[in-house]
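Participant: Questions regarding the structure given below will be posed in turn.
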Amino acid sequence: MLKFLLICTLAVASRAELPEEDDVLVLKKSNLDEALKAHPNILVEFYAPWCGHCKALVPEYAKAAGMLKAEGSAVRLGKVDATEETELAQEYGVRGYPTIKFFKGGDKESPKEYSAGRQADDIVNWLKKRTGPAVATLASVAEAESLIADNEVAAIGFFKDFSSEDAKAYEKAAEAIDDIPFAMTSDEAIYAKFEVSKDSVVLFKKFDEGRNTFDGELTKENLLAFVKANQLPLVIEFTEQTAPKIFGGEIKSHILMFLPKAAKDFQDKMTEFKKAAEGFKGKILFIFIDSDVDDNQRILEFFGLKKEECPAIRLITLEDEMTKYRPESEAITTENIVKFCTLFTEGKLKPHLMSQDIPEDWDKTPVRVLVGKNFEEVVFDSSKNVFVEFYAPWCGHCKQLTPIWEKLGEKYKDSADIIVAKMDSTANEIDTVKVHSFPTLKFFPAGEENKVIDYNGERTLEGFSKFLESGGQDGGAPAGDDDEEMDAEDLEDIEDGQDVDSDGEDEHDEL
């Protein structure tokens, strides 16, 4: 009897090491091994309690965990507070939040990166594909109806012969797409229910047309293009949940409509915007941003907009480096938007470079204030050595640098040939110098060559002074083509209140 009680006590203690919150395992370095022994397949989120994206993920992550549990799945979801479990986070290379990794088969050495969206259906579908067949087989109308009802988007291949070349191409396409479920059927009742008369692929969705039927040569590449062009709404609203699909998608040209959802003419403008989108499906992603939402204000700032200036239209490309475009007319009509997008696709638009007006006292302070309109005149003055901080007002690292930069300006305020300056890069852009991260520090030495030298040394008064006294030779590196680019993830971080350090690594500010 004593032995039995001891075994029971040990079992309870073991279970206590794996606490749960809303069906999600609470993991630590001390219990990860035990968790993987009990549940070999675990999706683990490394999060920071203050991270906006992490907070938005909480309900969807819990919902996904509950869905899997209700289905009797052996796959579990877990979470790790990376701010507490710093050693574990470092072990798995966590550099941003949330970072989500899939531990499959108890393997803790090489977990796979999660690569789908942040809604419950996305998470569940991704896990099912990672632990089961890429394509499910439907044997009844009820199964097909359930698949369509349970998912925002679902693909069904109608094939009389599962061994056909078309069916094989369909399976290969399914293996390459993580965020929507794929199924196939040869059942005549399902053919009849959905009015399918011949072998084909149909994408069922809960928006826009409701369904799209593939037309053309059925190859993996063509199917992938078909799914990617039709799996998102013609117009998608930017939110915490849709951000991963927007920034992580294949379409890298985005047109954004900034408009208050509470505006009286909201629906009219949305209708015009949606009509314009029809002709650019698969080429340009049409995105709506509610300009009244507080969490969207940094996106407005990124485009040099204020709430009172909305509605407004902007276009951005995320390939190579971010380039912004502004239409000639701000009128939101189908005709204007189509014209704007057509000029863009034909390569006939010039980038829109923002600039504030030159402050009257821009040169009256130890740290000179630069804007787009006076930048080149100041920094390319052949008689001056100009050291510039490119900053963002919301950037935590920039705020930490401010007192040091002001001391540097004070030290050299009476210098005949050294200028210490700063520029708000969220409101000012220049064609000659691309700023990819915040804060970025660049030195423009005197001379006719218009040289640019990146500063990569210590961010201290001593480090800066030594660099300036050496004429940019000590502590800096020549600017080149291999600079770290600001990319789509960084734009998403801007919305979340995170910033990107000058080494290009994602940093996160506690707001």
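By order of appearance in the structure tokens: chains A, B, ..., then residues from 1 within every chain, and ligands from 1 in the order shown.
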What lies within 10 Å of Asp161 in chain A using only C-alpha atoms, ignoring chain neighbours under 5 positions off, as a list of chain:residue names?

Facilitator: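 The contact residues come out as A:Asp166, A:Ala167, A:Thr185, A:Ser186, A:Asp199.
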
Participant: Would you pick out the contacts of range 100-107 of chain A at 8 Å or less, using only C-alpha atoms, so that residues sharing its chain but fewer than 5 positions from it are not included, and give the list as an MDAnalysis selection string?

Facilitator: chainID A and resid 36:37 39:46 112:114

Participant: Save the residues we just selected, N, CA, C and O atoms, as a CSV table (one decimal), in the first residue's frame?

Facilitator:
chain,number,residue,atom,x,y,z
A,36,LEU,N,8.5,17.0,-23.6
A,36,LEU,CA,8.7,16.3,-24.9
A,36,LEU,C,8.6,14.8,-24.7
A,36,LEU,O,8.3,14.1,-25.7
A,37,LYS,N,8.9,14.3,-23.5
A,37,LYS,CA,8.7,12.8,-23.3
A,37,LYS,C,7.2,12.5,-23.3
A,37,LYS,O,6.8,11.5,-23.8
A,39,HIS,N,4.8,14.5,-24.5
A,39,HIS,CA,4.1,15.0,-25.7
A,39,HIS,C,5.2,15.2,-26.8
A,39,HIS,O,5.7,16.3,-26.9
A,40,PRO,N,5.5,14.2,-27.6
A,40,PRO,CA,6.6,14.4,-28.5
A,40,PRO,C,6.5,15.5,-29.6
A,40,PRO,O,7.5,16.0,-30.1
A,41,ASN,N,5.2,15.9,-29.9
A,41,ASN,CA,5.0,16.9,-30.9
A,41,ASN,C,4.4,18.1,-30.2
A,41,ASN,O,3.2,18.2,-29.8
A,42,ILE,N,5.2,19.2,-30.0
A,42,ILE,CA,4.8,20.4,-29.3
A,42,ILE,C,5.2,21.6,-30.2
A,42,ILE,O,6.3,21.8,-30.5
A,43,LEU,N,4.2,22.5,-30.4
A,43,LEU,CA,4.5,23.8,-31.0
A,43,LEU,C,4.7,24.8,-29.8
A,43,LEU,O,3.9,24.9,-28.9
A,44,VAL,N,5.9,25.4,-29.8
A,44,VAL,CA,6.3,26.2,-28.7
A,44,VAL,C,6.4,27.7,-29.1
A,44,VAL,O,7.2,28.0,-30.0
A,45,GLU,N,5.7,28.6,-28.4
A,45,GLU,CA,5.8,30.0,-28.6
A,45,GLU,C,6.8,30.6,-27.6
A,45,GLU,O,6.5,30.5,-26.4
A,46,PHE,N,7.8,31.3,-28.0
A,46,PHE,CA,8.7,32.1,-27.2
A,46,PHE,C,8.2,33.5,-27.2
A,46,PHE,O,8.1,34.1,-28.3
A,112,LYS,N,11.6,23.0,-36.0
A,112,LYS,CA,11.3,23.7,-37.2
A,112,LYS,C,10.6,25.0,-36.9
A,112,LYS,O,9.8,25.1,-36.0
A,113,GLU,N,11.0,26.0,-37.8
A,113,GLU,CA,10.3,27.3,-37.6
A,113,GLU,C,8.9,27.2,-38.1
A,113,GLU,O,8.6,26.7,-39.1
A,114,TYR,N,8.0,27.8,-37.3
A,114,TYR,CA,6.6,27.9,-37.7
A,114,TYR,C,6.5,29.0,-38.8
A,114,TYR,O,7.1,30.1,-38.7

Participant: Residues of range 406-433 of chain A that approach range 315-338 of chain A to 12 Å or less, counting only C-alpha atoms: could you list each one with the shortest pair of atoms and its distance in Å to one decimal, rows by chain and increasing residue number, as a Markdown table?

Facilitator:
| residue | atom | partner | partner_atom | distance |
| --- | --- | --- | --- | --- |
| A:Glu429 | CA | A:Lys324 | CA | 10.1 |
| A:Ile430 | CA | A:Thr323 | CA | 11.3 |
| A:Asp431 | CA | A:Thr323 | CA | 10.4 |

Participant: Can you spit out the residues from that selection as an mmCIF file, in the first residue's frame, using N, CA, C and O atoms?

Facilitator:
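Contents of again-v6.cif, freshly written:
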data_model
loop_
_atom_site.group_PDB
_atom_site.id
_atom_site.type_symbol
_atom_site.label_atom_id
_atom_site.label_comp_id
_atom_site.auth_asym_id
_atom_site.auth_seq_id
_atom_site.Cartn_x
_atom_site.Cartn_y
_atom_site.Cartn_z
ATOM 1 N N GLU A 429 12.871 61.603 -46.027
ATOM 2 C CA GLU A 429 13.563 60.586 -46.816
ATOM 3 C C GLU A 429 14.432 61.270 -47.863
ATOM 4 O O GLU A 429 14.080 62.337 -48.374
ATOM 5 N N ILE A 430 15.540 60.630 -48.178
ATOM 6 C CA ILE A 430 16.452 61.188 -49.183
ATOM 7 C C ILE A 430 16.845 60.091 -50.155
ATOM 8 O O ILE A 430 16.937 58.921 -49.795
ATOM 9 N N ASP A 431 17.075 60.491 -51.379
ATOM 10 C CA ASP A 431 17.362 59.527 -52.432
ATOM 11 C C ASP A 431 18.801 59.037 -52.379
ATOM 12 O O ASP A 431 19.099 57.904 -52.740
#

Participant: Pick out each residue of range 321-372 of chain A that DSSP on the backbone tags as alpha helix (DSSP H); I need them as a compact mmCIF listing (two decimals) with N, CA, C and O atoms, in the first residue's frame.

Facilitator:
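That gives us states27.txt:
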# COMPACT_ATOMS: atom_id res chain seq x y z
N THR A 334 -12.39 54.43 -58.10
CA THR A 334 -11.85 53.28 -58.83
C THR A 334 -10.94 53.74 -59.96
O THR A 334 -9.86 53.19 -60.17
N GLU A 335 -11.38 54.76 -60.68
CA GLU A 335 -10.61 55.26 -61.82
C GLU A 335 -9.24 55.75 -61.40
O GLU A 335 -8.21 55.40 -62.02
N ASN A 336 -9.17 56.55 -60.34
CA ASN A 336 -7.88 57.07 -59.88
C ASN A 336 -6.95 55.97 -59.38
O ASN A 336 -5.74 55.99 -59.64
N ILE A 337 -7.51 55.02 -58.66
CA ILE A 337 -6.69 53.94 -58.10
C ILE A 337 -6.16 53.04 -59.20
O ILE A 337 -4.99 52.64 -59.18
N VAL A 338 -7.00 52.72 -60.18
CA VAL A 338 -6.57 51.88 -61.30
C VAL A 338 -5.46 52.59 -62.08
O VAL A 338 -4.45 51.97 -62.46
N LYS A 339 -5.62 53.89 -62.31
CA LYS A 339 -4.60 54.65 -63.02
C LYS A 339 -3.28 54.64 -62.25
O LYS A 339 -2.21 54.43 -62.83
N PHE A 340 -3.35 54.86 -60.95
CA PHE A 340 -2.17 54.87 -60.08
C PHE A 340 -1.45 53.51 -60.12
O PHE A 340 -0.23 53.43 -60.31
N CYS A 341 -2.21 52.44 -59.97
CA CYS A 341 -1.62 51.09 -59.97
C CYS A 341 -1.06 50.71 -61.34
O CYS A 341 -0.03 50.03 -61.43
N THR A 342 -1.73 51.15 -62.39
CA THR A 342 -1.25 50.85 -63.75
C THR A 342 0.09 51.53 -64.01
O THR A 342 1.02 50.92 -64.56
N LEU A 343 0.20 52.80 -63.63
CA LEU A 343 1.47 53.52 -63.78
C LEU A 343 2.57 52.82 -63.00
O LEU A 343 3.72 52.73 -63.46
N PHE A 344 2.23 52.30 -61.82
CA PHE A 344 3.21 51.59 -61.01
C PHE A 344 3.67 50.31 -61.70
O PHE A 344 4.88 50.04 -61.80
N THR A 345 2.73 49.49 -62.17
CA THR A 345 3.09 48.22 -62.81
C THR A 345 3.87 48.44 -64.11
O THR A 345 4.63 47.58 -64.54

Participant: What's around Ala155 in chain A at 10 Å? Count only C-alpha atoms, leave out sequence neighbours fewer than 6 positions away in its own chain, and write the answer as a PyMOL selection string.

Facilitator: chain A and resi 135+147-148+170+174+180-184+201-205+211-213+227+231

Participant: Please produce a file of the residues just selected, as a PDB file, in the first residue's frame, where the atoms kept are C-alpha atoms.

Facilitator:
ATOM      1  CA  VAL A 135      -3.870  16.020 -48.525  1.00  0.00           C
ATOM      2  CA  LEU A 147     -13.977  20.988 -44.183  1.00  0.00           C
ATOM      3  CA  ILE A 148     -15.411  24.074 -45.896  1.00  0.00           C
ATOM      4  CA  TYR A 170      -2.024  18.725 -56.711  1.00  0.00           C
ATOM      5  CA  ALA A 174      -0.338  20.914 -51.126  1.00  0.00           C
ATOM      6  CA  ILE A 180      -4.754  26.217 -45.802  1.00  0.00           C
ATOM      7  CA  PRO A 181      -6.035  22.608 -45.774  1.00  0.00           C
ATOM      8  CA  PHE A 182      -5.981  20.511 -48.953  1.00  0.00           C
ATOM      9  CA  ALA A 183      -8.270  17.568 -49.620  1.00  0.00           C
ATOM     10  CA  MET A 184      -9.198  15.419 -52.605  1.00  0.00           C
ATOM     11  CA  VAL A 201      -9.387  22.028 -58.323  1.00  0.00           C
ATOM     12  CA  VAL A 202     -11.708  24.345 -56.420  1.00  0.00           C
ATOM     13  CA  LEU A 203     -10.719  26.859 -53.754  1.00  0.00           C
ATOM     14  CA  PHE A 204     -13.597  27.410 -51.313  1.00  0.00           C
ATOM     15  CA  LYS A 205     -13.525  30.575 -49.188  1.00  0.00           C
ATOM     16  CA  ARG A 211     -15.078  29.887 -54.629  1.00  0.00           C
ATOM     17  CA  ASN A 212     -12.499  29.883 -57.415  1.00  0.00           C
ATOM     18  CA  THR A 213     -12.028  27.091 -59.947  1.00  0.00           C
ATOM     19  CA  VAL A 227      -3.903  29.531 -54.569  1.00  0.00           C
ATOM     20  CA  GLN A 231      -6.517  32.816 -50.838  1.00  0.00           C
TER      21      GLN A 231
END
